[in-house]
Amino acid sequence: MKRNGIGILSLVVISLMLNAAAQAQSAAKANVPFAFKVGSAQLPAGTYVINTAGASAIEIRNGHTSAGALSLVRREYQRDSGAKLVFHHVADQYFLAEIWRGAGTNGMVIAPSKQEKSLEKELRLATGESKSEDVLIALN
């Protein structure tokens, strides 16, 4: 009985260590020079670490200010090999839209927030065209 307990405990510890190592490898880092939104969360400019939080979620955290956000994502097959963040720039605001981690990985797409959709609609009505542009930030 004691031997089985030690064996089970050893397997649990090993699986936790492997899980922690896998999560550490999946972290990405980027220096974002402007304030931006992830869903309804407003985040200041700074250096951010992006981790997966399950199969369909990400966590974005600034280590210096402890600002952060969680968001649901949709996985997409790799379109190109660049490791980058893609922001939608609408009016004077930036919205995190995509995360691409480089060769051999799937991309993660964040659905547009209600605020982003509303701003795009207002611009379309006011000017007759959408003034949204993509801004790319390289991942470290």
# chains A, B, ... in the order shown; residues from 1 in each chain; ligands from 1
$ residues_around --residues "Lys121 of chain A" --least-positions-apart "6" --cutoff "12 Å" --atoms "only C-alpha atoms" --output "PyMOL selection string"
chain A and resi 90-91+114-115+127-132
$ write_last_selection --atoms "N, CA and C atoms" --output "CSV table (one decimal), in the first residue's frame"
chain,number,residue,atom,x,y,z
A,90,VAL,N,-8.6,51.3,-34.7
A,90,VAL,CA,-9.9,51.8,-35.2
A,90,VAL,C,-10.0,53.2,-34.4
A,91,ALA,N,-10.2,54.2,-35.2
A,91,ALA,CA,-10.2,55.6,-34.7
A,91,ALA,C,-8.9,55.8,-33.9
A,114,LYS,N,-17.6,44.3,-28.7
A,114,LYS,CA,-18.8,45.2,-29.1
A,114,LYS,C,-18.3,46.6,-29.3
A,115,GLN,N,-17.4,47.1,-28.6
A,115,GLN,CA,-16.9,48.4,-28.7
A,115,GLN,C,-16.2,48.6,-30.1
A,127,THR,N,-18.1,58.1,-42.7
A,127,THR,CA,-17.2,58.4,-43.9
A,127,THR,C,-17.5,57.5,-45.1
A,128,GLY,N,-18.4,56.5,-44.9
A,128,GLY,CA,-18.7,55.7,-46.1
A,128,GLY,C,-17.7,54.5,-46.2
A,129,GLU,N,-16.7,54.5,-45.4
A,129,GLU,CA,-15.7,53.4,-45.5
A,129,GLU,C,-15.1,53.1,-44.1
A,130,SER,N,-14.6,51.9,-43.9
A,130,SER,CA,-14.0,51.6,-42.6
A,130,SER,C,-12.5,52.1,-42.6
A,131,LYS,N,-12.2,52.8,-41.5
A,131,LYS,CA,-10.8,53.3,-41.4
A,131,LYS,C,-9.9,52.4,-40.5
A,132,SER,N,-10.3,51.2,-40.4
A,132,SER,CA,-9.5,50.2,-39.6
A,132,SER,C,-8.2,49.8,-40.3
$ residues_around --residues "Lys29 of chain A" --least-positions-apart "6" --cutoff "10 Å" --atoms "only C-alpha atoms" --output "ChimeraX atom specification"
/A:47-51,60-62,84-85,101,138-140
$ write_last_selection --atoms "N, CA and C atoms" --output "CSV table (one decimal), in the first residue's frame"
chain,number,residue,atom,x,y,z
A,47,THR,N,5.5,45.9,-21.5
A,47,THR,CA,6.0,44.5,-21.9
A,47,THR,C,5.0,43.5,-21.4
A,48,TYR,N,4.5,42.7,-22.2
A,48,TYR,CA,3.4,41.7,-21.9
A,48,TYR,C,3.9,40.3,-22.1
A,49,VAL,N,3.5,39.4,-21.3
A,49,VAL,CA,3.7,37.9,-21.5
A,49,VAL,C,2.4,37.3,-21.8
A,50,ILE,N,2.3,36.5,-22.9
A,50,ILE,CA,1.1,35.9,-23.3
A,50,ILE,C,1.2,34.4,-23.1
A,51,ASN,N,0.3,33.8,-22.3
A,51,ASN,CA,0.3,32.4,-22.0
A,51,ASN,C,-1.0,31.8,-22.5
A,60,ILE,N,-3.0,37.5,-20.8
A,60,ILE,CA,-2.0,38.5,-21.2
A,60,ILE,C,-1.7,39.3,-19.9
A,61,ARG,N,-0.5,39.3,-19.5
A,61,ARG,CA,-0.1,39.9,-18.2
A,61,ARG,C,1.1,40.8,-18.4
A,62,ASN,N,1.1,42.0,-17.7
A,62,ASN,CA,2.2,42.9,-17.7
A,62,ASN,C,2.9,42.6,-16.3
A,84,LYS,N,4.1,37.3,-34.1
A,84,LYS,CA,3.7,38.6,-34.0
A,84,LYS,C,2.3,38.7,-33.3
A,85,LEU,N,2.0,39.9,-32.8
A,85,LEU,CA,0.7,40.3,-32.4
A,85,LEU,C,0.1,41.2,-33.5
A,101,ARG,N,2.5,32.8,-33.2
A,101,ARG,CA,3.7,32.4,-32.5
A,101,ARG,C,4.9,31.9,-33.4
A,138,ALA,N,6.1,42.6,-33.2
A,138,ALA,CA,6.9,41.4,-33.2
A,138,ALA,C,6.9,40.8,-31.8
A,139,LEU,N,6.8,39.5,-31.7
A,139,LEU,CA,7.0,38.7,-30.4
A,139,LEU,C,8.5,38.5,-30.2
A,140,ASN,N,8.9,38.6,-28.9
A,140,ASN,CA,10.3,38.4,-28.6
A,140,ASN,C,10.5,36.9,-28.4
$ select_by_dssp --residues "segment 71-140 of chain A" --states "strand (DSSP E)" --output "PyMOL selection string"
chain A and resi 71-72+74-76+83-90+93-101+107-109+133-138
$ write_last_selection --atoms "C-alpha atoms" --output "PDB file, in the first residue's frame"
ATOM      1  CA  SER A  71      -9.734  36.266 -23.419  1.00  0.00           C
ATOM      2  CA  LEU A  72     -11.289  33.468 -25.405  1.00  0.00           C
ATOM      3  CA  ARG A  74     -10.281  30.700 -31.823  1.00  0.00           C
ATOM      4  CA  ARG A  75      -7.385  28.597 -33.115  1.00  0.00           C
ATOM      5  CA  GLU A  76      -6.461  29.002 -36.764  1.00  0.00           C
ATOM      6  CA  ALA A  83       5.798  35.539 -34.597  1.00  0.00           C
ATOM      7  CA  LYS A  84       3.676  38.631 -33.978  1.00  0.00           C
ATOM      8  CA  LEU A  85       0.686  40.300 -32.396  1.00  0.00           C
ATOM      9  CA  VAL A  86      -1.877  41.871 -34.713  1.00  0.00           C
ATOM     10  CA  PHE A  87      -3.856  44.863 -33.454  1.00  0.00           C
ATOM     11  CA  HIS A  88      -6.822  46.520 -35.155  1.00  0.00           C
ATOM     12  CA  HIS A  89      -6.419  50.296 -35.040  1.00  0.00           C
ATOM     13  CA  VAL A  90      -9.889  51.843 -35.151  1.00  0.00           C
ATOM     14  CA  GLN A  93      -7.939  52.905 -30.188  1.00  0.00           C
ATOM     15  CA  TYR A  94      -6.063  49.621 -30.548  1.00  0.00           C
ATOM     16  CA  PHE A  95      -7.692  46.196 -30.138  1.00  0.00           C
ATOM     17  CA  LEU A  96      -5.680  42.970 -29.854  1.00  0.00           C
ATOM     18  CA  ALA A  97      -6.985  40.762 -32.659  1.00  0.00           C
ATOM     19  CA  GLU A  98      -4.508  37.948 -33.393  1.00  0.00           C
ATOM     20  CA  ILE A  99      -1.517  36.165 -31.890  1.00  0.00           C
ATOM     21  CA  TRP A 100       0.887  34.278 -34.176  1.00  0.00           C
ATOM     22  CA  ARG A 101       3.743  32.447 -32.497  1.00  0.00           C
ATOM     23  CA  GLY A 107      -2.540  31.194 -34.555  1.00  0.00           C
ATOM     24  CA  MET A 108      -5.057  32.512 -32.053  1.00  0.00           C
ATOM     25  CA  VAL A 109      -7.785  34.939 -33.100  1.00  0.00           C
ATOM     26  CA  GLU A 133      -5.890  49.237 -40.117  1.00  0.00           C
ATOM     27  CA  ASP A 134      -3.742  46.394 -38.814  1.00  0.00           C
ATOM     28  CA  VAL A 135      -0.710  47.165 -36.641  1.00  0.00           C
ATOM     29  CA  LEU A 136       1.893  44.406 -36.159  1.00  0.00           C
ATOM     30  CA  ILE A 137       4.151  43.988 -33.113  1.00  0.00           C
ATOM     31  CA  ALA A 138       6.903  41.353 -33.164  1.00  0.00           C
TER      32      ALA A 138
END
$ closest_residue --among "A:Ala55, A:Ala27, A:Ala41, A:Ala35" --to "Leu70 of chain A" --atoms "only C-alpha atoms"
A:Ala41
$ atom_distance --atom1 "atom CA of Ser113 of chain A" --atom2 "atom CA of Gly68 of chain A"
16.6 Å
$ atom_distance --atom1 "atom CA of Glu116 of chain A" --atom2 "atom CA of Ser66 of chain A"
24.4 Å
$ closest_residue --among "A:Ala67, A:Ser56, A:Tyr77, A:Asn106" --to "Lys37 of chain A" --atoms "only C-alpha atoms"
A:Ala67
$ atom_distance --atom1 "atom CA of Pro33 of chain A" --atom2 "atom CA of Leu119 of chain A"
21.8 Å
